[in-house]
>>> print(open('model_30.txt').read())   # compact mmCIF, C-alpha atoms
# COMPACT_ATOMS: atom_id res chain seq x y z
CA MET A 1 81.57 112.27 111.53
CA PHE A 2 82.10 109.91 108.55
CA GLU A 3 78.52 110.38 107.44
CA ARG A 4 79.44 113.96 106.58
CA PHE A 5 82.28 112.84 104.31
CA THR A 6 81.83 113.21 100.56
CA GLY A 7 82.37 110.14 98.38
CA GLY A 8 85.81 111.44 97.48
CA ALA A 9 86.79 111.92 101.13
CA ARG A 10 85.62 108.42 102.02
CA ALA A 11 87.53 107.00 99.09
CA ALA A 12 90.64 108.88 100.30
CA VAL A 13 90.37 107.37 103.78
CA VAL A 14 89.92 103.88 102.36
CA THR A 15 92.83 104.47 99.99
CA ALA A 16 94.99 105.56 102.94
CA GLN A 17 94.19 102.20 104.51
CA GLU A 18 95.16 100.42 101.28
CA VAL A 19 98.43 102.37 101.17
CA ALA A 20 99.15 101.38 104.78
CA ARG A 21 98.39 97.75 104.01
CA ALA A 22 100.52 97.73 100.86
CA LEU A 23 103.45 99.21 102.79
CA ARG A 24 102.79 96.84 105.71
CA SER A 25 102.46 99.75 108.10
CA GLU A 26 100.99 98.86 111.47
CA GLN A 27 98.96 102.05 111.66
CA ILE A 28 97.49 104.58 109.27
CA ASP A 29 99.00 107.97 109.86
CA THR A 30 98.59 111.24 108.00
CA ARG A 31 101.42 110.39 105.60
CA HIS A 32 99.30 107.55 104.22
CA LEU A 33 96.40 109.97 103.96
CA LEU A 34 98.62 112.49 102.18
CA VAL A 35 99.60 109.82 99.63
CA ALA A 36 95.93 108.90 99.19
CA LEU A 37 94.95 112.52 98.58
CA LEU A 38 97.70 113.45 96.14
CA GLU A 39 98.80 110.31 94.32
CA ASP A 40 97.50 109.51 90.87
CA GLY A 41 95.20 106.52 90.81
CA GLY A 42 93.35 105.64 93.98
CA HIS A 43 90.75 103.06 94.81
CA LEU A 44 87.14 102.71 93.86
CA VAL A 45 84.92 103.02 96.94
CA ASP A 46 81.15 102.65 96.51
CA GLY A 47 81.63 103.55 92.88
CA VAL A 48 83.63 106.68 93.71
CA ARG A 49 87.31 107.02 92.90
CA VAL A 50 89.58 109.52 94.59
CA ASP A 51 90.17 112.13 91.94
CA PRO A 52 93.40 113.75 93.03
CA ALA A 53 93.47 116.15 90.06
CA PRO A 54 91.92 119.22 91.77
CA LEU A 55 94.19 118.98 94.81
CA ARG A 56 97.22 118.18 92.68
CA GLU A 57 96.51 121.24 90.55
CA ALA A 58 96.00 123.44 93.61
CA VAL A 59 99.26 122.29 95.20
CA ALA A 60 101.17 122.46 91.92
CA GLY A 61 99.80 125.97 91.36
CA THR A 62 101.73 127.21 94.38
CA GLY A 63 104.97 125.73 93.04
CA VAL A 64 105.01 122.53 95.12
CA ALA A 65 105.26 119.38 92.97
CA PRO A 66 102.56 116.86 94.10
CA ASP A 67 104.62 113.88 92.96
CA HIS A 68 107.51 115.12 95.05
CA VAL A 69 105.23 115.35 98.10
CA VAL A 70 103.98 111.80 97.49
CA ALA A 71 107.54 110.51 97.05
CA ARG A 72 108.63 112.21 100.27
CA ALA A 73 105.67 110.78 102.16
CA ARG A 74 106.36 107.26 100.88
CA ALA A 75 110.06 107.59 101.70
CA ALA A 76 109.24 108.85 105.20
CA ILE A 77 106.90 105.89 105.81
CA ALA A 78 109.54 103.45 104.63
CA ALA A 79 112.28 105.06 106.75
CA GLY A 80 110.09 104.91 109.86
CA ASP A 81 109.86 101.15 109.55
CA VAL A 82 113.56 100.51 109.39
CA LEU A 83 115.50 99.36 112.44
CA ASP A 84 117.14 102.43 113.94
CA GLY A 85 120.75 101.36 114.50
CA GLU A 86 121.85 104.74 115.76
CA ALA A 87 119.15 104.81 118.43
CA LEU A 88 120.02 101.25 119.46
CA ALA A 89 123.69 102.23 119.76
CA SER A 90 122.58 104.86 122.26
CA LEU A 91 121.47 101.98 124.48
CA GLY A 92 124.75 100.19 123.96
CA ILE A 93 123.27 97.74 121.46
CA ASP A 94 125.30 97.11 118.33
CA LEU A 95 122.74 96.33 115.62
CA ASP A 96 125.40 94.80 113.37
CA THR A 97 126.25 92.26 116.05
CA VAL A 98 122.58 91.43 116.65
CA ARG A 99 122.05 91.12 112.90
CA ALA A 100 125.04 88.81 112.48
CA ARG A 101 123.85 86.61 115.35
CA ALA A 102 120.30 86.50 113.94
CA ASP A 103 121.68 85.54 110.52
CA GLU A 104 123.61 82.72 112.18
CA VAL A 105 120.64 81.29 114.08
CA PHE A 106 117.69 82.08 111.79
CA GLY A 107 119.31 82.41 108.35
CA ALA A 108 120.52 85.35 106.29
CA GLY A 109 118.27 88.42 106.32
CA ALA A 110 116.05 86.93 109.03
CA LEU A 111 115.76 90.14 111.02
CA ASP A 112 114.30 92.10 108.11
CA ALA A 113 112.13 89.18 107.03
CA ALA A 114 110.70 89.08 110.58
CA ALA A 115 109.29 92.59 110.18
CA ARG A 116 107.63 91.67 106.91
CA ARG A 117 106.21 88.45 108.33
CA ARG A 118 104.83 90.21 111.36
CA ARG A 119 103.17 92.90 109.24
CA ARG A 120 101.61 90.33 106.98
CA GLY A 121 99.48 89.46 109.99
CA THR A 122 97.91 92.92 109.91
CA ARG A 123 95.85 92.18 106.85
CA GLY A 124 92.47 93.10 108.25
CA HIS A 125 91.86 96.27 110.16
CA VAL A 126 94.70 98.78 110.27
CA PRO A 127 94.01 101.37 112.98
CA PHE A 128 94.46 105.13 112.65
CA THR A 129 97.05 106.86 114.79
CA GLY A 130 95.84 109.48 117.28
CA ASP A 131 97.38 112.15 115.06
CA ALA A 132 95.39 110.94 112.08
CA LYS A 133 92.13 111.00 114.06
CA LYS A 134 92.97 114.51 115.17
CA ALA A 135 93.60 115.53 111.54
CA LEU A 136 90.19 114.14 110.56
CA GLU A 137 88.57 116.17 113.34
CA LEU A 138 90.39 119.25 112.15
CA ALA A 139 89.09 118.52 108.64
CA LEU A 140 85.58 118.77 110.06
CA ARG A 141 86.47 122.08 111.65
CA GLU A 142 87.88 123.35 108.36
CA ALA A 143 84.61 122.43 106.63
CA LEU A 144 82.64 124.33 109.30
CA ARG A 145 84.96 127.32 109.01
CA LEU A 146 84.50 127.40 105.23
CA GLN A 147 80.74 126.91 105.76
CA ASP A 148 80.73 123.75 103.68
CA LYS A 149 78.06 121.19 104.43
CA SER A 150 80.24 118.16 103.86
CA ILE A 151 83.85 117.16 104.36
CA GLY A 152 85.71 116.72 101.09
CA PRO A 153 89.30 115.87 100.15
CA ARG A 154 90.42 119.48 100.37
CA HIS A 155 89.18 119.68 103.97
CA LEU A 156 91.16 116.53 104.73
CA LEU A 157 94.28 118.14 103.30
CA LEU A 158 93.62 121.36 105.25
CA GLY A 159 93.06 119.37 108.45
CA LEU A 160 96.30 117.54 107.89
CA LEU A 161 98.09 120.88 107.47
CA ARG A 162 96.58 122.18 110.71
CA ALA A 163 97.43 119.13 112.78
CA ASP A 164 100.85 118.58 114.27
CA CYS A 165 101.36 115.32 112.42
CA PRO A 166 103.86 113.43 110.23
CA GLY A 167 101.88 114.01 107.01
CA GLY A 168 101.55 117.72 107.69
CA ARG A 169 105.27 117.93 108.30
CA VAL A 170 106.05 116.18 105.00
CA LEU A 171 103.85 118.65 103.15
CA ALA A 172 105.23 121.63 105.09
CA ASP A 173 108.81 120.51 104.42
CA ALA A 174 108.12 120.12 100.71
CA ALA A 175 106.53 123.59 100.64
CA HIS A 176 109.42 125.09 102.56
CA GLU A 177 111.87 123.51 100.14
CA ALA A 178 109.96 124.97 97.20
CA GLY A 179 109.96 128.40 98.87
CA VAL A 180 106.17 128.35 99.38
CA ASP A 181 104.74 129.57 102.67
CA LEU A 182 101.96 127.64 104.38
CA PRO A 183 99.28 130.36 104.24
CA ALA A 184 99.69 130.48 100.44
CA LEU A 185 99.41 126.69 100.26
CA ARG A 186 96.31 126.72 102.49
CA THR A 187 94.64 129.41 100.38
CA ALA A 188 95.28 127.42 97.21
CA VAL A 189 93.88 124.21 98.77
CA GLU A 190 90.81 126.07 100.08
CA ALA A 191 90.07 127.18 96.53
CA ALA A 192 90.38 123.69 95.06
CA ASP A 193 87.03 122.30 93.94
CA ALA A 194 87.59 118.70 94.94
CA ALA A 195 84.34 116.78 95.42
CA MET B 196 132.75 102.75 120.99
CA SER B 197 133.36 106.44 121.61
CA ASP B 198 130.24 107.06 119.50
CA GLY B 199 128.25 104.75 121.72
CA GLN B 200 129.52 106.59 124.74
CA THR B 201 128.20 109.95 123.53
CA LEU B 202 124.93 108.41 122.45
CA LEU B 203 124.61 106.55 125.72
CA THR B 204 124.58 109.85 127.57
CA SER B 205 121.76 111.08 125.33
CA ALA B 206 119.67 107.91 125.66
CA ALA B 207 119.87 107.60 129.39
CA GLY B 208 120.04 111.36 129.59
CA ASP B 209 117.56 114.18 129.64
CA ASP B 210 116.52 114.58 126.00
CA PRO B 211 113.09 112.93 125.64
CA GLN B 212 113.30 113.01 121.83
CA GLN B 213 116.43 110.85 121.84
CA GLY B 214 115.27 108.68 124.71
CA LEU B 215 111.90 107.90 123.11
CA ARG B 216 113.52 107.19 119.78
CA ALA B 217 115.79 104.69 121.51
CA VAL B 218 112.83 103.04 123.24
CA ARG B 219 110.98 102.73 119.95
CA ALA B 220 114.00 101.19 118.21
CA LEU B 221 114.45 98.76 121.08
CA ARG B 222 110.80 97.71 120.94
CA GLU B 223 111.00 97.16 117.18
CA LEU B 224 114.12 95.03 117.61
CA ALA B 225 112.56 93.06 120.47
CA ASP B 226 109.40 92.43 118.41
CA ARG B 227 111.40 91.10 115.50
CA LEU B 228 113.50 88.83 117.69
CA GLU B 229 110.35 87.59 119.40
CA THR B 230 108.84 86.72 116.01
CA LEU B 231 111.96 84.78 115.03
CA GLN B 232 112.31 82.99 118.35
CA VAL B 233 108.65 81.97 118.51
CA GLN B 234 108.76 80.67 114.97
CA ARG B 235 111.86 78.65 115.72
CA ALA B 236 110.40 77.29 118.95
CA ARG B 237 107.27 76.21 117.07
CA SER B 238 109.35 74.49 114.40
CA LEU B 239 111.20 72.66 117.19
CA GLY B 240 107.89 71.39 118.48
CA TRP B 241 107.27 73.75 121.39
CA SER B 242 103.64 74.11 122.44
CA TRP B 243 101.96 77.48 122.77
CA GLU B 244 101.84 76.87 126.53
CA GLN B 245 105.61 76.49 126.69
CA ILE B 246 106.22 79.54 124.52
CA ALA B 247 103.76 81.63 126.52
CA ALA B 248 105.36 80.59 129.80
CA ALA B 249 108.81 81.50 128.49
CA LEU B 250 107.56 84.91 127.32
CA GLY B 251 105.65 85.49 130.53
CA VAL B 252 102.30 85.95 128.81
CA SER B 253 99.07 83.95 128.62
CA ARG B 254 98.71 81.16 126.08
CA GLN B 255 95.92 83.11 124.39
CA ALA B 256 98.08 86.22 124.11
CA ALA B 257 100.98 84.28 122.60
CA HIS B 258 98.75 82.52 120.10
CA LYS B 259 96.89 85.69 119.15
CA LYS B 260 100.14 87.52 118.47
CA HIS B 261 102.03 84.76 116.70
CA GLY B 262 99.46 82.17 115.66
CA LYS B 263 99.07 83.58 112.17
CA ALA B 264 102.81 83.73 111.49
>>> encode(input="model_30.txt", output="C-alpha cells")
Amino acid sequence: MFERFTGGARAAVVTAQEVARALRSEQIDTRHLLVALLEDGGHLVDGVRVDPAPLREAVAGTGVAPDHVVARARAAIAAGDVLDGEALASLGIDLDTVRARADEVFGAGALDAAARRRRRGTRGHVPFTGDAKKALELALREALRLQDKSIGPRHLLLGLLRADCPGGRVLADAAHEAGVDLPALRTAVEAADAA
Amino acid sequence: MSDGQTLLTSAAGDDPQQGLRAVRALRELADRLETLQVQRARSLGWSWEQIAAALGVSRQAAHKKHGKA
C-alpha cells in the first residue's frame, strides 16, 4: 500500500513516527498522524517535506482552527500517558499512597521518571496501533472513491475521519465545538490540493 | 473511601468502559513499578537470572525488557 503514497503522505507517516518518539508514546495512533498532517513544520523525507498548508487552509476554511486541533491532539496524547488515579481508585488502589511509598524507596518523582525511562527504550521502531492501520486502509479507499491514483495527505485525513479512532475523535470534537458538521469538513478536505 | 466504594462497583461491575480503563491504569502502574524495582535490584547487584526468577519470566525476557534501562 505504501508504494501508492505520495511523497507528502510518506513524509506525514514518518513525521507521525517522529511525533510519537518525541512524546515518548509507545505506539503511533491517529492523533500523532493528525499532528503530522496539520502542524506547521514537519520532517524532510526523501527530500519531501510535509506541506500542511493546503490541509490547514481547507480545515480553517470551514471555521475549525488547525492549531487548535493540533493542540487538542497533543494534549490528548499527553493525558493518555498519565497515571489514571481515578481508575486505580476503582480497584481500591490509592495512587497517592503508592506514589508516596515509591518516593520513599526510589526517590522523589520516581514513578513519573520510570515512565520516561521506559519510553526512552523505544527509540527505534514505534509500531502503529490497529486503529491507525485501519485509518491508513481507509485512506486508500478514499483515494479509490475519489478516483485518485495515489494516496496523498488529504486522503490520510479523510481516512482518519472515517475510522473510529482517537485522532478522528479529536478532529470531530474540534469541529463540533466550532459548530462545523463532519460532511462539511470532509467536503473541504476532499477539495484540498495537497500533494 | 466512599468514592472508592462507588468506583469499586463500577470496576468490578458490568461497565466494560470503566473496567478496561481500570485494567489499563493498573498495567501502567505495574509497568512503572517493575521498571523501578528492576533498576534497584540491578543496582543492588542482582543478576538477570535472579530478577527473571522473581518476576516469573525467562532471563532473556527480563533482559530484553529492562536491559537498556
>>> axis_aligned_box(input="model_30.txt", around="segment 60-79 of chain A", padding_each_side="6 Å", output="lines of an AutoDock Vina configuration file")
center_x = 106.0
center_y = 115.3
center_z = 99.1
size_x = 24.5
size_y = 35.8
size_z = 27.4
>>> interface_residues(input="model_30.txt", of="chain A", to="chain B", cutoff="6 Å", atoms="all atoms listed in the file", output="MDAnalysis selection string")
chainID A and resid 84 87:91 114:115
>>> write_last_selection(input="model_30.txt", atoms="C-alpha atoms", output="PDB file, in the frame of the given file")
ATOM      1  CA  ASP A  84     117.140 102.430 113.940  1.00  0.00           C
ATOM      2  CA  ALA A  87     119.150 104.810 118.430  1.00  0.00           C
ATOM      3  CA  LEU A  88     120.020 101.250 119.460  1.00  0.00           C
ATOM      4  CA  ALA A  89     123.690 102.230 119.760  1.00  0.00           C
ATOM      5  CA  SER A  90     122.580 104.860 122.260  1.00  0.00           C
ATOM      6  CA  LEU A  91     121.470 101.980 124.480  1.00  0.00           C
ATOM      7  CA  ALA A 114     110.700  89.080 110.580  1.00  0.00           C
ATOM      8  CA  ALA A 115     109.290  92.590 110.180  1.00  0.00           C
TER       9      ALA A 115
END
>>> atom_distance(input="model_30.txt", atom1="atom CA of Ile28 of chain A", atom2="atom CA of Ala132 of chain A")
7.3 Å
>>> closest_residue(input="model_30.txt", among="A:Ser25, A:Thr30, A:Thr6, A:Gln147", to="Leu160 of chain A", atoms="all atoms listed in the file")
A:Thr30
>>> atom_distance(input="model_30.txt", atom1="atom CA of Ala16 of chain A", atom2="atom CA of Arg31 of chain A")
8.5 Å
>>> residues_near_point(input="model_30.txt", point="(89.5, 124.7, 95.2)", cutoff="12 Å", atoms="only C-alpha atoms", output="list in words")
Pro52, Ala53, Pro54, Leu55, Arg56, Glu57, Ala58, Val59, Gly61, Leu146, Gly152, Pro153, Arg154, His155, Leu157, Leu158, Leu185, Arg186, Thr187, Ala188, Val189, Glu190, Ala191, Ala192, Asp193, Ala194 and Ala195 of chain A
>>> residues_around(input="model_30.txt", residues="segment 138-141 of chain A", least_positions_apart="3", cutoff="6 Å", atoms="only C-alpha atoms", output="list in words")
Ala135, Leu144, His155, Leu156 and Gly159 of chain A
>>> atom_distance(input="model_30.txt", atom1="atom CA of Ala9 of chain A", atom2="atom CA of Ile151 of chain A")
6.8 Å
>>> residues_around(input="model_30.txt", residues="Phe128 of chain A", least_positions_apart="5", cutoff="7 Å", atoms="all atoms listed in the file", output="list in words")
Gln27, Ile28, Asp29 and Lys133 of chain A
>>> residues_around(input="model_30.txt", residues="Asp96 of chain A", least_positions_apart="4", cutoff="9 Å", atoms="all atoms listed in the file", output="mmCIF file with C-alpha atoms, keeping the file's coordinate frame")
data_model
loop_
_atom_site.group_PDB
_atom_site.id
_atom_site.type_symbol
_atom_site.label_atom_id
_atom_site.label_comp_id
_atom_site.auth_asym_id
_atom_site.auth_seq_id
_atom_site.Cartn_x
_atom_site.Cartn_y
_atom_site.Cartn_z
ATOM 1 C CA GLY A 85 120.750 101.360 114.500
ATOM 2 C CA ALA A 100 125.040 88.810 112.480
ATOM 3 C CA ARG A 101 123.850 86.610 115.350
#
>>> build_atoms(input="model_30.txt", residues="segment 228-239 of chain B", atoms="all heavy atoms", output="PDB file, in the frame of the given file")
ATOM      1  N   LEU B 228     112.832  90.003 117.104  1.00  0.00           N
ATOM      2  CA  LEU B 228     113.500  88.830 117.690  1.00  0.00           C
ATOM      3  C   LEU B 228     112.475  87.865 118.264  1.00  0.00           C
ATOM      4  O   LEU B 228     112.622  86.649 118.162  1.00  0.00           O
ATOM      5  CB  LEU B 228     114.499  89.278 118.773  1.00  0.00           C
ATOM      6  CG  LEU B 228     115.749  89.987 118.237  1.00  0.00           C
ATOM      7  CD1 LEU B 228     116.599  90.512 119.384  1.00  0.00           C
ATOM      8  CD2 LEU B 228     116.580  89.043 117.355  1.00  0.00           C
ATOM      9  N   GLU B 229     111.401  88.435 118.846  1.00  0.00           N
ATOM     10  CA  GLU B 229     110.350  87.590 119.400  1.00  0.00           C
ATOM     11  C   GLU B 229     109.715  86.756 118.285  1.00  0.00           C
ATOM     12  O   GLU B 229     109.507  85.550 118.431  1.00  0.00           O
ATOM     13  CB  GLU B 229     109.279  88.452 120.093  1.00  0.00           C
ATOM     14  CG  GLU B 229     108.174  87.631 120.736  1.00  0.00           C
ATOM     15  CD  GLU B 229     107.167  88.484 121.490  1.00  0.00           C
ATOM     16  OE1 GLU B 229     107.581  89.463 122.143  1.00  0.00           O
ATOM     17  OE2 GLU B 229     105.969  88.179 121.423  1.00  0.00           O
ATOM     18  N   THR B 230     109.421  87.413 117.161  1.00  0.00           N
ATOM     19  CA  THR B 230     108.840  86.720 116.010  1.00  0.00           C
ATOM     20  C   THR B 230     109.722  85.544 115.582  1.00  0.00           C
ATOM     21  O   THR B 230     109.246  84.426 115.382  1.00  0.00           O
ATOM     22  CB  THR B 230     108.664  87.699 114.828  1.00  0.00           C
ATOM     23  OG1 THR B 230     107.799  88.747 115.227  1.00  0.00           O
ATOM     24  CG2 THR B 230     108.077  86.995 113.611  1.00  0.00           C
ATOM     25  N   LEU B 231     111.022  85.819 115.475  1.00  0.00           N
ATOM     26  CA  LEU B 231     111.960  84.780 115.030  1.00  0.00           C
ATOM     27  C   LEU B 231     112.071  83.642 116.040  1.00  0.00           C
ATOM     28  O   LEU B 231     112.070  82.462 115.667  1.00  0.00           O
ATOM     29  CB  LEU B 231     113.343  85.407 114.789  1.00  0.00           C
ATOM     30  CG  LEU B 231     113.441  86.381 113.605  1.00  0.00           C
ATOM     31  CD1 LEU B 231     114.792  87.079 113.604  1.00  0.00           C
ATOM     32  CD2 LEU B 231     113.220  85.657 112.279  1.00  0.00           C
ATOM     33  N   GLN B 232     112.148  84.007 117.316  1.00  0.00           N
ATOM     34  CA  GLN B 232     112.310  82.990 118.350  1.00  0.00           C
ATOM     35  C   GLN B 232     111.068  82.112 118.476  1.00  0.00           C
ATOM     36  O   GLN B 232     111.182  80.887 118.638  1.00  0.00           O
ATOM     37  CB  GLN B 232     112.628  83.637 119.707  1.00  0.00           C
ATOM     38  CG  GLN B 232     114.000  84.279 119.796  1.00  0.00           C
ATOM     39  CD  GLN B 232     115.144  83.256 119.806  1.00  0.00           C
ATOM     40  OE1 GLN B 232     114.926  82.046 119.756  1.00  0.00           O
ATOM     41  NE2 GLN B 232     116.372  83.759 119.856  1.00  0.00           N
ATOM     42  N   VAL B 233     109.897  82.738 118.400  1.00  0.00           N
ATOM     43  CA  VAL B 233     108.650  81.970 118.510  1.00  0.00           C
ATOM     44  C   VAL B 233     108.529  81.009 117.344  1.00  0.00           C
ATOM     45  O   VAL B 233     108.202  79.827 117.517  1.00  0.00           O
ATOM     46  CB  VAL B 233     107.422  82.915 118.581  1.00  0.00           C
ATOM     47  CG1 VAL B 233     106.127  82.124 118.413  1.00  0.00           C
ATOM     48  CG2 VAL B 233     107.402  83.677 119.900  1.00  0.00           C
ATOM     49  N   GLN B 234     108.848  81.510 116.166  1.00  0.00           N
ATOM     50  CA  GLN B 234     108.760  80.670 114.970  1.00  0.00           C
ATOM     51  C   GLN B 234     109.692  79.464 115.092  1.00  0.00           C
ATOM     52  O   GLN B 234     109.314  78.340 114.758  1.00  0.00           O
ATOM     53  CB  GLN B 234     109.141  81.522 113.764  1.00  0.00           C
ATOM     54  CG  GLN B 234     108.745  80.889 112.450  1.00  0.00           C
ATOM     55  CD  GLN B 234     109.311  81.670 111.290  1.00  0.00           C
ATOM     56  OE1 GLN B 234     110.362  82.302 111.403  1.00  0.00           O
ATOM     57  NE2 GLN B 234     108.611  81.656 110.191  1.00  0.00           N
ATOM     58  N   ARG B 235     110.881  79.726 115.584  1.00  0.00           N
ATOM     59  CA  ARG B 235     111.860  78.650 115.720  1.00  0.00           C
ATOM     60  C   ARG B 235     111.400  77.632 116.777  1.00  0.00           C
ATOM     61  O   ARG B 235     111.479  76.415 116.572  1.00  0.00           O
ATOM     62  CB  ARG B 235     113.218  79.245 116.117  1.00  0.00           C
ATOM     63  CG  ARG B 235     114.310  78.217 116.233  1.00  0.00           C
ATOM     64  CD  ARG B 235     115.683  78.808 115.992  1.00  0.00           C
ATOM     65  NE  ARG B 235     116.695  77.762 116.014  1.00  0.00           N
ATOM     66  CZ  ARG B 235     117.329  77.362 117.113  1.00  0.00           C
ATOM     67  NH1 ARG B 235     117.051  77.930 118.275  1.00  0.00           N
ATOM     68  NH2 ARG B 235     118.217  76.406 117.065  1.00  0.00           N
ATOM     69  N   ALA B 236     110.887  78.174 117.889  1.00  0.00           N
ATOM     70  CA  ALA B 236     110.400  77.290 118.950  1.00  0.00           C
ATOM     71  C   ALA B 236     109.275  76.389 118.415  1.00  0.00           C
ATOM     72  O   ALA B 236     109.254  75.183 118.679  1.00  0.00           O
ATOM     73  CB  ALA B 236     109.900  78.119 120.135  1.00  0.00           C
ATOM     74  N   ARG B 237     108.368  76.991 117.643  1.00  0.00           N
ATOM     75  CA  ARG B 237     107.270  76.210 117.070  1.00  0.00           C
ATOM     76  C   ARG B 237     107.800  75.101 116.169  1.00  0.00           C
ATOM     77  O   ARG B 237     107.325  73.969 116.212  1.00  0.00           O
ATOM     78  CB  ARG B 237     106.320  77.120 116.267  1.00  0.00           C
ATOM     79  CG  ARG B 237     105.423  78.014 117.117  1.00  0.00           C
ATOM     80  CD  ARG B 237     104.428  77.246 117.950  1.00  0.00           C
ATOM     81  NE  ARG B 237     103.386  76.608 117.147  1.00  0.00           N
ATOM     82  CZ  ARG B 237     102.536  75.710 117.611  1.00  0.00           C
ATOM     83  NH1 ARG B 237     102.603  75.341 118.879  1.00  0.00           N
ATOM     84  NH2 ARG B 237     101.619  75.187 116.825  1.00  0.00           N
ATOM     85  N   SER B 238     108.807  75.474 115.344  1.00  0.00           N
ATOM     86  CA  SER B 238     109.350  74.490 114.400  1.00  0.00           C
ATOM     87  C   SER B 238     110.102  73.372 115.145  1.00  0.00           C
ATOM     88  O   SER B 238     110.270  72.269 114.627  1.00  0.00           O
ATOM     89  CB  SER B 238     110.251  75.167 113.368  1.00  0.00           C
ATOM     90  OG  SER B 238     111.479  75.548 113.961  1.00  0.00           O
ATOM     91  N   LEU B 239     110.529  73.682 116.377  1.00  0.00           N
ATOM     92  CA  LEU B 239     111.200  72.660 117.190  1.00  0.00           C
ATOM     93  C   LEU B 239     110.195  71.878 118.036  1.00  0.00           C
ATOM     94  O   LEU B 239     110.576  71.060 118.872  1.00  0.00           O
ATOM     95  CB  LEU B 239     112.250  73.318 118.105  1.00  0.00           C
ATOM     96  CG  LEU B 239     113.473  73.925 117.381  1.00  0.00           C
ATOM     97  CD1 LEU B 239     114.371  74.668 118.368  1.00  0.00           C
ATOM     98  CD2 LEU B 239     114.283  72.843 116.653  1.00  0.00           C
TER      99      LEU B 239
END
